[in-house]
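Enquirer: Pasting a structure below so you can have a look.
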Amino acid sequence: GAVVSQHPSWVICKSGTSVKIECRSLDFQATTMFWYRQFPKQSLMLMATSNEGSKATYEQGVEKDKFLINHASLTLSTLTVTSAHPEDSSFYICSASFRGETQYFGPGTRLLVL
Amino acid sequence: AQSVTQPDIHITVSEGASLELRCNYSYGATPYLFWYVQSPGQGLQLLLKYFSGDTLVQGIKGFEAEFKRSQSSFNLRKPSVHWSDAAEYFCAVGLSTDSWGKFQFGAGTQVVVTP
């Protein structure tokens with residue numbers, strides 16, 4: 001299957017700082033990438049849909065000014081958590097859509113805000 | 001409204017025994033259906049998918065799933081479970097008509113494999 005990477009896999013930061021998470025599709029071009037958030041023992045919650053060359057579409061209740069998404073190329077999308085607070089601590093997973101059908105997921109990034 | 005239901009939050013199965021995970025969906029159009037597996041602290045790995053055609057779909061790691069339109073179900077099965085199958089399993093529906101590529105996930109089923 002297609003390969004999607006995320007970097008970093010782990011990040012610990014101080015409250016008030018910003019954190020950038022990268023999502024790359026390694027062997028295919030992804031016109032659409034998705035960002036999810038997952039709390040312990042829960043399902044994935046879609047945060048936003050990222051389309052190359054256009055603004056991201058955020059799900060209801062997700063603060064677009066807090067979670068900045070940039071999809072600069074067909075293989076890279078970034079999620080920046082701005083002014084992070086402890087309640088932003090979570091597991092963030094991206095996926096890349098292949099031909100608008102199947103989603104391939106990255107390994108996830110665990111964020112801990114102190 | 002679209003929904004995906006995985007009725008079993010937790011299943012315990014003995015190694016070597018068969019496994020069946022249930023998934024029911026509510027969706028107006030013909031859905032794209034997926035099963036993913038997530039090991040602790042990891043992303044999701046695609047096990048199999050159904051778009052159209054043969055309703056019995058074969059996947060990786062010996063898994064298969066059957067699409068039953070009349071029951072709005074897409075249950076996942078494995079004839080003989082291995083200890084390495086212990087993980088969280090998610091059923092997902094691809095919302096392909098109004099939100100191209102977006103998925104709706106079930107709540108997940110945690111599978112524990114005992115010796």
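Labels used: A, B, ... for chains in the order of the structure tokens, numbers from 1 for residues in each chain, and numbers from 1 for ligands as shown.
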Env of Val81 (chain B): 12 Å cut, atoms = only C-alpha atoms, seq-sep filter 3 positions within chain, self excluded. Answer as number ranges by chain.

Expert: B: 12-20, 61-63, 77-78, 84-87, 111-115

Enquirer: Those same residues, written as a compact mmCIF listing (two decimals), in the first residue's frame with C-alpha atoms?

Expert:
```
# COMPACT_ATOMS: atom_id res chain seq x y z
CA THR B 12 -11.76 -11.29 23.72
CA VAL B 13 -10.86 -14.28 21.61
CA SER B 14 -8.56 -17.27 22.10
CA GLU B 15 -5.61 -17.69 19.81
CA GLY B 16 -6.58 -19.99 16.97
CA ALA B 17 -10.28 -19.26 17.31
CA SER B 18 -12.32 -17.44 14.71
CA LEU B 19 -13.07 -13.75 14.94
CA GLU B 20 -15.92 -11.67 13.61
CA LYS B 61 -3.25 -10.75 7.18
CA GLY B 62 -5.90 -13.36 6.39
CA PHE B 63 -8.87 -11.08 6.94
CA ARG B 77 -13.80 -12.04 9.77
CA LYS B 78 -10.71 -14.11 10.32
CA SER B 84 -0.43 -10.41 16.73
CA ASP B 85 -4.03 -9.61 15.76
CA ALA B 86 -4.60 -7.97 19.13
CA ALA B 87 -5.33 -4.35 18.21
CA VAL B 111 -9.60 -7.13 20.21
CA VAL B 112 -7.76 -9.01 22.94
CA VAL B 113 -6.21 -12.35 22.10
CA THR B 114 -5.68 -14.85 24.91
CA PRO B 115 -3.31 -17.82 24.81
```

Enquirer: What are the closest atom pairs, with distances in Å to one decimal, for all residues of chain B lying within 6 Å of chain A? Consider only C-alpha atoms, order rows by chain and residue number, and present the result as a Markdown table.

Expert:
```
| residue | atom | partner | partner_atom | distance |
| --- | --- | --- | --- | --- |
| B:Gln42 | CA | A:Pro107 | CA | 5.1 |
| B:Gly43 | CA | A:Pro107 | CA | 3.9 |
| B:Leu44 | CA | A:Phe105 | CA | 5.6 |
| B:Gly101 | CA | A:Gly100 | CA | 4.9 |
| B:Ala107 | CA | A:Ser43 | CA | 4.9 |
```

Enquirer: Dump N, CA and C atoms for the selected residues as a tab-separated table (two decimals), in the first residue's frame?

Expert:
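What ended up in out_23.tsv:
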```tsv
chain	number	residue	atom	x	y	z
B	42	GLN	N	0.08	3.63	17.13
B	42	GLN	CA	0.38	3.64	15.70
B	42	GLN	C	-0.76	4.26	14.91
B	43	GLY	N	-0.46	4.56	13.65
B	43	GLY	CA	-1.50	5.01	12.74
B	43	GLY	C	-2.35	3.83	12.31
B	44	LEU	N	-3.21	4.06	11.34
B	44	LEU	CA	-4.12	3.02	10.88
B	44	LEU	C	-3.58	2.33	9.64
B	101	GLY	N	-13.96	11.74	-0.62
B	101	GLY	CA	-12.78	11.30	0.10
B	101	GLY	C	-12.93	11.36	1.60
B	107	ALA	N	-16.71	3.62	16.13
B	107	ALA	CA	-16.04	3.89	17.41
B	107	ALA	C	-14.87	2.96	17.68
```

Enquirer: For a quick check of understanding, using only C-alpha atoms, which of A:Val62, A:Cys23, A:Leu74, A:Val11 has the smallest distance to Arg37 (chain A)?

Expert: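 Closest candidate: A:Val62.
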
Enquirer: Could you state the separation of CA of Thr5 (chain B) and CA of Gln38 (chain B) in Å, given to one decimal place?

Expert: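 Between CA of Thr5 (chain B) and CA of Gln38 (chain B) the gap works out to 17.4 Å.
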
Enquirer: Please, which residues of chain B, numbered as in this document, come out helix (DSSP H, G or I) from DSSP, as a list in words?

Expert: Ile60, Lys61, Gly62, Arg69, Ser70, Gln71, Trp83, Ser84 and Asp85 of chain B

Enquirer: So that I have them on file, write out the residues from the current selection with all heavy atoms, as a PDB file, in the first residue's frame.

Expert:
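Saved as result.pdb:
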```pdb
ATOM      1  N   ILE B  60      -5.554  -8.166   3.746  1.00  0.00           N
ATOM      2  CA  ILE B  60      -4.247  -8.622   4.195  1.00  0.00           C
ATOM      3  C   ILE B  60      -4.373  -9.360   5.522  1.00  0.00           C
ATOM      4  O   ILE B  60      -5.417  -9.289   6.184  1.00  0.00           O
ATOM      5  CB  ILE B  60      -3.265  -7.441   4.336  1.00  0.00           C
ATOM      6  CG1 ILE B  60      -3.747  -6.459   5.405  1.00  0.00           C
ATOM      7  CG2 ILE B  60      -3.079  -6.734   2.999  1.00  0.00           C
ATOM      8  CD1 ILE B  60      -2.726  -5.391   5.756  1.00  0.00           C
ATOM      9  N   LYS B  61      -3.340 -10.045   5.904  1.00  0.00           N
ATOM     10  CA  LYS B  61      -3.251 -10.750   7.184  1.00  0.00           C
ATOM     11  C   LYS B  61      -4.345 -11.792   7.376  1.00  0.00           C
ATOM     12  O   LYS B  61      -4.687 -12.138   8.508  1.00  0.00           O
ATOM     13  CB  LYS B  61      -3.295  -9.757   8.351  1.00  0.00           C
ATOM     14  CG  LYS B  61      -2.212  -8.696   8.312  1.00  0.00           C
ATOM     15  CD  LYS B  61      -2.251  -7.828   9.544  1.00  0.00           C
ATOM     16  CE  LYS B  61      -1.135  -6.790   9.517  1.00  0.00           C
ATOM     17  NZ  LYS B  61      -1.055  -6.012  10.770  1.00  0.00           N
ATOM     18  N   GLY B  62      -4.903 -12.313   6.294  1.00  0.00           N
ATOM     19  CA  GLY B  62      -5.901 -13.362   6.392  1.00  0.00           C
ATOM     20  C   GLY B  62      -7.304 -12.901   6.706  1.00  0.00           C
ATOM     21  O   GLY B  62      -8.183 -13.715   6.996  1.00  0.00           O
ATOM     22  N   ARG B  69     -25.823  -5.650   1.553  1.00  0.00           N
ATOM     23  CA  ARG B  69     -26.611  -4.429   1.349  1.00  0.00           C
ATOM     24  C   ARG B  69     -27.921  -4.487   2.125  1.00  0.00           C
ATOM     25  O   ARG B  69     -28.341  -3.487   2.709  1.00  0.00           O
ATOM     26  CB  ARG B  69     -26.901  -4.220  -0.137  1.00  0.00           C
ATOM     27  CG  ARG B  69     -27.599  -2.906  -0.463  1.00  0.00           C
ATOM     28  CD  ARG B  69     -27.985  -2.862  -1.934  1.00  0.00           C
ATOM     29  NE  ARG B  69     -26.827  -3.031  -2.787  1.00  0.00           N
ATOM     30  CZ  ARG B  69     -26.048  -2.043  -3.168  1.00  0.00           C
ATOM     31  NH1 ARG B  69     -26.286  -0.812  -2.753  1.00  0.00           N
ATOM     32  NH2 ARG B  69     -25.022  -2.276  -3.956  1.00  0.00           N
ATOM     33  N   SER B  70     -28.551  -5.651   2.143  1.00  0.00           N
ATOM     34  CA  SER B  70     -29.867  -5.773   2.789  1.00  0.00           C
ATOM     35  C   SER B  70     -29.781  -5.541   4.295  1.00  0.00           C
ATOM     36  O   SER B  70     -30.750  -5.119   4.923  1.00  0.00           O
ATOM     37  CB  SER B  70     -30.463  -7.155   2.511  1.00  0.00           C
ATOM     38  OG  SER B  70     -29.622  -8.163   3.039  1.00  0.00           O
ATOM     39  N   GLN B  71     -28.613  -5.820   4.852  1.00  0.00           N
ATOM     40  CA  GLN B  71     -28.432  -5.638   6.287  1.00  0.00           C
ATOM     41  C   GLN B  71     -27.597  -4.405   6.610  1.00  0.00           C
ATOM     42  O   GLN B  71     -27.330  -4.135   7.783  1.00  0.00           O
ATOM     43  CB  GLN B  71     -27.750  -6.884   6.883  1.00  0.00           C
ATOM     44  CG  GLN B  71     -28.568  -8.155   6.722  1.00  0.00           C
ATOM     45  CD  GLN B  71     -27.843  -9.385   7.256  1.00  0.00           C
ATOM     46  OE1 GLN B  71     -26.915  -9.280   8.033  1.00  0.00           O
ATOM     47  NE2 GLN B  71     -28.276 -10.566   6.816  1.00  0.00           N
ATOM     48  N   TRP B  83      -1.877 -14.137  17.895  1.00  0.00           N
ATOM     49  CA  TRP B  83      -1.677 -13.183  18.993  1.00  0.00           C
ATOM     50  C   TRP B  83      -1.392 -11.782  18.458  1.00  0.00           C
ATOM     51  O   TRP B  83      -1.758 -10.773  19.077  1.00  0.00           O
ATOM     52  CB  TRP B  83      -0.543 -13.629  19.921  1.00  0.00           C
ATOM     53  CG  TRP B  83       0.807 -13.687  19.275  1.00  0.00           C
ATOM     54  CD1 TRP B  83       1.395 -14.757  18.709  1.00  0.00           C
ATOM     55  CD2 TRP B  83       1.729 -12.588  19.117  1.00  0.00           C
ATOM     56  NE1 TRP B  83       2.624 -14.417  18.187  1.00  0.00           N
ATOM     57  CE2 TRP B  83       2.854 -13.104  18.432  1.00  0.00           C
ATOM     58  CE3 TRP B  83       1.718 -11.237  19.467  1.00  0.00           C
ATOM     59  CZ2 TRP B  83       3.951 -12.296  18.105  1.00  0.00           C
ATOM     60  CZ3 TRP B  83       2.807 -10.446  19.155  1.00  0.00           C
ATOM     61  CH2 TRP B  83       3.906 -10.979  18.477  1.00  0.00           C
ATOM     62  N   SER B  84      -0.783 -11.712  17.290  1.00  0.00           N
ATOM     63  CA  SER B  84      -0.431 -10.406  16.726  1.00  0.00           C
ATOM     64  C   SER B  84      -1.651  -9.643  16.206  1.00  0.00           C
ATOM     65  O   SER B  84      -1.536  -8.480  15.810  1.00  0.00           O
ATOM     66  CB  SER B  84       0.578 -10.575  15.594  1.00  0.00           C
ATOM     67  OG  SER B  84       0.025 -11.390  14.577  1.00  0.00           O
ATOM     68  N   ASP B  85      -2.813 -10.291  16.201  1.00  0.00           N
ATOM     69  CA  ASP B  85      -4.035  -9.612  15.756  1.00  0.00           C
ATOM     70  C   ASP B  85      -4.647  -8.751  16.853  1.00  0.00           C
ATOM     71  O   ASP B  85      -5.635  -8.043  16.612  1.00  0.00           O
ATOM     72  CB  ASP B  85      -5.066 -10.636  15.269  1.00  0.00           C
ATOM     73  CG  ASP B  85      -4.607 -11.368  14.021  1.00  0.00           C
ATOM     74  OD1 ASP B  85      -3.985 -10.721  13.154  1.00  0.00           O
ATOM     75  OD2 ASP B  85      -4.867 -12.586  13.916  1.00  0.00           O
TER      76      ASP B  85
END
```

Enquirer: Can you tell me which residues surround Thr30 (chain B) at a distance of at most 9 Å, considering only C-alpha atoms, apart from same-chain residues fewer than 3 positions away, and format the answer as a list in words?

Expert: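 Result of the neighbour search: Tyr27, Phe51, Ser52, Arg69 and Ser96 of chain B.
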
Enquirer: Take the selection from the previous step and output its residues with N, CA and C atoms, as a PDB file, in the first residue's frame.

Expert:
```
ATOM      1  N   TYR B  27     -26.332   5.030   5.339  1.00  0.00           N
ATOM      2  CA  TYR B  27     -25.848   5.959   4.316  1.00  0.00           C
ATOM      3  C   TYR B  27     -26.768   5.855   3.121  1.00  0.00           C
ATOM      4  N   PHE B  51     -15.581  -1.429  -2.840  1.00  0.00           N
ATOM      5  CA  PHE B  51     -16.126  -0.348  -3.646  1.00  0.00           C
ATOM      6  C   PHE B  51     -17.354  -0.840  -4.417  1.00  0.00           C
ATOM      7  N   SER B  52     -17.188  -1.982  -5.073  1.00  0.00           N
ATOM      8  CA  SER B  52     -18.280  -2.544  -5.862  1.00  0.00           C
ATOM      9  C   SER B  52     -17.884  -3.976  -6.224  1.00  0.00           C
ATOM     10  N   ARG B  69     -25.823  -5.650   1.553  1.00  0.00           N
ATOM     11  CA  ARG B  69     -26.611  -4.429   1.349  1.00  0.00           C
ATOM     12  C   ARG B  69     -27.921  -4.487   2.125  1.00  0.00           C
ATOM     13  N   SER B  96     -18.540   9.378  -0.440  1.00  0.00           N
ATOM     14  CA  SER B  96     -17.985   9.708  -1.750  1.00  0.00           C
ATOM     15  C   SER B  96     -18.852  10.616  -2.591  1.00  0.00           C
TER      16      SER B  96
END
```

Enquirer: List the spatial neighbours of Val4 (chain B) as number ranges by chain - criterion: any atom at most 9 Å away, only C-alpha atoms, same-chain residues fewer than 6 positions off excluded.

Expert: B: 23-27, 91-93, 104-107

Enquirer: Excluding Tyr58 (chain A) and its own-chain neighbours fewer than 2 positions away, which residues fall within 10 Å of it when counting only C-alpha atoms? Please give them as a PDB file with C-alpha atoms, in the first residue's frame.

Expert:
```pdb
ATOM      1  CA  PHE A  34      -6.940  14.859   6.139  1.00  0.00           C
ATOM      2  CA  TRP A  35      -6.018  15.678   9.703  1.00  0.00           C
ATOM      3  CA  LEU A  46     -11.728  14.558  11.626  1.00  0.00           C
ATOM      4  CA  MET A  47     -10.361  18.032  12.151  1.00  0.00           C
ATOM      5  CA  ALA A  48      -9.941  19.321   8.632  1.00  0.00           C
ATOM      6  CA  THR A  49      -9.602  18.488   4.985  1.00  0.00           C
ATOM      7  CA  SER A  50      -6.548  19.867   3.265  1.00  0.00           C
ATOM      8  CA  LYS A  55      -7.570  26.701   1.988  1.00  0.00           C
ATOM      9  CA  ALA A  56      -8.334  23.866   4.325  1.00  0.00           C
ATOM     10  CA  GLN A  60     -17.469  22.193  12.974  1.00  0.00           C
ATOM     11  CA  GLY A  61     -15.996  23.084  16.318  1.00  0.00           C
ATOM     12  CA  VAL A  62     -12.377  23.081  15.171  1.00  0.00           C
ATOM     13  CA  GLU A  63     -10.658  26.447  15.543  1.00  0.00           C
ATOM     14  CA  LYS A  64      -8.992  27.281  12.262  1.00  0.00           C
ATOM     15  CA  PHE A  67      -4.908  24.613  13.998  1.00  0.00           C
ATOM     16  CA  LEU A  68      -3.260  26.074  10.921  1.00  0.00           C
ATOM     17  CA  ILE A  69      -3.091  23.793   7.928  1.00  0.00           C
TER      18      ILE A  69
END
```

Enquirer: Go ahead and compute the interatomic distance for CA of Gly16 (chain A) and CA of Pro86 (chain A), in Å to one decimal.

Expert: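 Rounded to one decimal, the two atoms are 9.4 Å apart.
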
Enquirer: Calculated over only C-alpha atoms, which of the candidates A:Trp10, A:Leu111, A:Gln29, A:Asn70 has the smallest distance to Thr57 (chain A)?

Expert: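 Answer, going by the shortest atom-to-atom distance: A:Asn70.
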
Enquirer: Would you mind listing what lies within 10 Å of Val57 (chain B) as an mmCIF file with all heavy atoms, in the first residue's frame, with only C-alpha atoms counted and same-chain residues fewer than 3 positions away left out?

Expert:
```
data_model
loop_
_atom_site.group_PDB
_atom_site.id
_atom_site.type_symbol
_atom_site.label_atom_id
_atom_site.label_comp_id
_atom_site.auth_asym_id
_atom_site.auth_seq_id
_atom_site.Cartn_x
_atom_site.Cartn_y
_atom_site.Cartn_z
ATOM 1 N N LEU B 48 -8.672 -3.939 4.294
ATOM 2 C CA LEU B 48 -9.385 -4.242 3.063
ATOM 3 C C LEU B 48 -10.389 -3.142 2.782
ATOM 4 O O LEU B 48 -10.662 -2.308 3.632
ATOM 5 C CB LEU B 48 -10.081 -5.607 3.144
ATOM 6 C CG LEU B 48 -10.910 -5.926 4.398
ATOM 7 C CD1 LEU B 48 -12.251 -5.250 4.391
ATOM 8 C CD2 LEU B 48 -11.067 -7.433 4.551
ATOM 9 N N LYS B 49 -10.930 -3.190 1.560
ATOM 10 C CA LYS B 49 -11.903 -2.168 1.166
ATOM 11 C C LYS B 49 -12.892 -2.771 0.185
ATOM 12 O O LYS B 49 -12.592 -3.739 -0.520
ATOM 13 C CB LYS B 49 -11.202 -0.980 0.532
ATOM 14 C CG LYS B 49 -10.362 -1.345 -0.694
ATOM 15 C CD LYS B 49 -9.535 -0.167 -1.170
ATOM 16 C CE LYS B 49 -8.657 -0.564 -2.343
ATOM 17 N NZ LYS B 49 -7.771 0.569 -2.773
ATOM 18 N N TYR B 50 -14.080 -2.173 0.148
ATOM 19 C CA TYR B 50 -15.108 -2.580 -0.791
ATOM 20 C C TYR B 50 -15.615 -1.343 -1.518
ATOM 21 O O TYR B 50 -16.042 -0.375 -0.883
ATOM 22 C CB TYR B 50 -16.286 -3.264 -0.081
ATOM 23 C CG TYR B 50 -17.448 -3.507 -1.007
ATOM 24 C CD1 TYR B 50 -17.431 -4.574 -1.903
ATOM 25 C CD2 TYR B 50 -18.546 -2.644 -1.027
ATOM 26 C CE1 TYR B 50 -18.484 -4.781 -2.773
ATOM 27 C CE2 TYR B 50 -19.599 -2.851 -1.896
ATOM 28 C CZ TYR B 50 -19.568 -3.918 -2.773
ATOM 29 O OH TYR B 50 -20.613 -4.113 -3.647
ATOM 30 N N PHE B 51 -15.581 -1.429 -2.840
ATOM 31 C CA PHE B 51 -16.126 -0.348 -3.646
ATOM 32 C C PHE B 51 -17.354 -0.840 -4.417
ATOM 33 O O PHE B 51 -18.389 -0.194 -4.442
ATOM 34 C CB PHE B 51 -15.083 0.180 -4.637
ATOM 35 C CG PHE B 51 -13.974 0.958 -3.994
ATOM 36 C CD1 PHE B 51 -12.835 1.292 -4.717
ATOM 37 C CD2 PHE B 51 -14.039 1.370 -2.675
ATOM 38 C CE1 PHE B 51 -11.803 2.015 -4.133
ATOM 39 C CE2 PHE B 51 -13.018 2.088 -2.084
ATOM 40 C CZ PHE B 51 -11.887 2.411 -2.818
ATOM 41 N N SER B 52 -17.188 -1.982 -5.073
ATOM 42 C CA SER B 52 -18.280 -2.544 -5.862
ATOM 43 C C SER B 52 -17.884 -3.976 -6.224
ATOM 44 O O SER B 52 -16.785 -4.428 -5.923
ATOM 45 C CB SER B 52 -18.544 -1.719 -7.128
ATOM 46 O OG SER B 52 -17.428 -1.764 -7.982
ATOM 47 N N GLY B 53 -18.790 -4.679 -6.899
ATOM 48 C CA GLY B 53 -18.468 -6.015 -7.391
ATOM 49 C C GLY B 53 -18.689 -7.083 -6.345
ATOM 50 O O GLY B 53 -19.655 -7.027 -5.571
ATOM 51 N N ASP B 54 -17.793 -8.037 -6.309
ATOM 52 C CA ASP B 54 -17.901 -9.179 -5.413
ATOM 53 C C ASP B 54 -18.060 -8.701 -3.972
ATOM 54 O O ASP B 54 -17.242 -7.914 -3.473
ATOM 55 C CB ASP B 54 -16.660 -10.058 -5.530
ATOM 56 C CG ASP B 54 -16.845 -11.413 -4.876
ATOM 57 O OD1 ASP B 54 -17.827 -11.583 -4.114
ATOM 58 O OD2 ASP B 54 -16.018 -12.313 -5.108
ATOM 59 N N PHE B 63 -7.548 -11.606 6.671
ATOM 60 C CA PHE B 63 -8.872 -11.078 6.943
ATOM 61 C C PHE B 63 -9.735 -11.034 5.685
ATOM 62 O O PHE B 63 -9.240 -10.894 4.575
ATOM 63 C CB PHE B 63 -8.775 -9.652 7.518
ATOM 64 C CG PHE B 63 -8.339 -9.611 8.953
ATOM 65 C CD1 PHE B 63 -7.002 -9.471 9.280
ATOM 66 C CD2 PHE B 63 -9.278 -9.710 9.963
ATOM 67 C CE1 PHE B 63 -6.603 -9.435 10.610
ATOM 68 C CE2 PHE B 63 -8.890 -9.668 11.299
ATOM 69 C CZ PHE B 63 -7.544 -9.534 11.621
ATOM 70 N N GLU B 64 -11.032 -11.152 5.888
ATOM 71 C CA GLU B 64 -12.008 -10.977 4.830
ATOM 72 C C GLU B 64 -13.228 -10.256 5.387
ATOM 73 O O GLU B 64 -13.429 -10.216 6.608
ATOM 74 C CB GLU B 64 -12.441 -12.313 4.212
ATOM 75 C CG GLU B 64 -13.216 -13.198 5.146
ATOM 76 C CD GLU B 64 -13.680 -14.484 4.484
ATOM 77 O OE1 GLU B 64 -13.055 -14.927 3.498
ATOM 78 O OE2 GLU B 64 -14.687 -15.047 4.948
ATOM 79 N N ALA B 65 -13.998 -9.651 4.514
ATOM 80 C CA ALA B 65 -15.212 -8.967 4.944
ATOM 81 C C ALA B 65 -16.275 -9.176 3.892
ATOM 82 O O ALA B 65 -15.985 -9.314 2.697
ATOM 83 C CB ALA B 65 -14.958 -7.477 5.150
ATOM 84 N N GLU B 66 -17.513 -9.174 4.345
ATOM 85 C CA GLU B 66 -18.624 -9.384 3.436
ATOM 86 C C GLU B 66 -19.582 -8.212 3.493
ATOM 87 O O GLU B 66 -20.050 -7.835 4.574
ATOM 88 C CB GLU B 66 -19.367 -10.675 3.763
ATOM 89 C CG GLU B 66 -20.466 -11.008 2.749
ATOM 90 C CD GLU B 66 -21.065 -12.383 2.962
ATOM 91 O OE1 GLU B 66 -20.796 -12.994 4.017
ATOM 92 O OE2 GLU B 66 -21.793 -12.841 2.069
ATOM 93 N N PHE B 67 -19.869 -7.641 2.354
ATOM 94 C CA PHE B 67 -20.823 -6.538 2.244
ATOM 95 C C PHE B 67 -22.216 -7.123 2.041
ATOM 96 O O PHE B 67 -22.442 -7.893 1.103
ATOM 97 C CB PHE B 67 -20.447 -5.634 1.071
ATOM 98 C CG PHE B 67 -21.487 -4.605 0.725
ATOM 99 C CD1 PHE B 67 -21.877 -3.665 1.670
ATOM 100 C CD2 PHE B 67 -22.065 -4.555 -0.539
ATOM 101 C CE1 PHE B 67 -22.830 -2.706 1.364
ATOM 102 C CE2 PHE B 67 -23.015 -3.594 -0.858
ATOM 103 C CZ PHE B 67 -23.402 -2.668 0.097
ATOM 104 N N PHE B 74 -21.050 -4.689 7.043
ATOM 105 C CA PHE B 74 -19.753 -4.984 6.423
ATOM 106 C C PHE B 74 -18.901 -5.589 7.527
ATOM 107 O O PHE B 74 -18.004 -4.979 8.074
ATOM 108 C CB PHE B 74 -19.127 -3.709 5.864
ATOM 109 C CG PHE B 74 -17.892 -3.919 5.035
ATOM 110 C CD1 PHE B 74 -17.917 -4.745 3.924
ATOM 111 C CD2 PHE B 74 -16.701 -3.266 5.345
ATOM 112 C CE1 PHE B 74 -16.780 -4.928 3.137
ATOM 113 C CE2 PHE B 74 -15.561 -3.446 4.565
ATOM 114 C CZ PHE B 74 -15.609 -4.269 3.459
ATOM 115 N N LEU B 76 -16.234 -7.981 9.462
ATOM 116 C CA LEU B 76 -14.862 -8.447 9.248
ATOM 117 C C LEU B 76 -14.680 -9.800 9.912
ATOM 118 O O LEU B 76 -15.128 -10.004 11.041
ATOM 119 C CB LEU B 76 -13.877 -7.432 9.839
ATOM 120 C CG LEU B 76 -12.389 -7.724 9.700
ATOM 121 C CD1 LEU B 76 -11.940 -7.526 8.253
ATOM 122 C CD2 LEU B 76 -11.587 -6.827 10.634
#
```

Enquirer: Just the number, please: distance in Å from CA of Thr78 (chain A) to CA of Leu46 (chain B), one decimal.

Expert: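 Between these atoms lies a distance of 22.6 Å.
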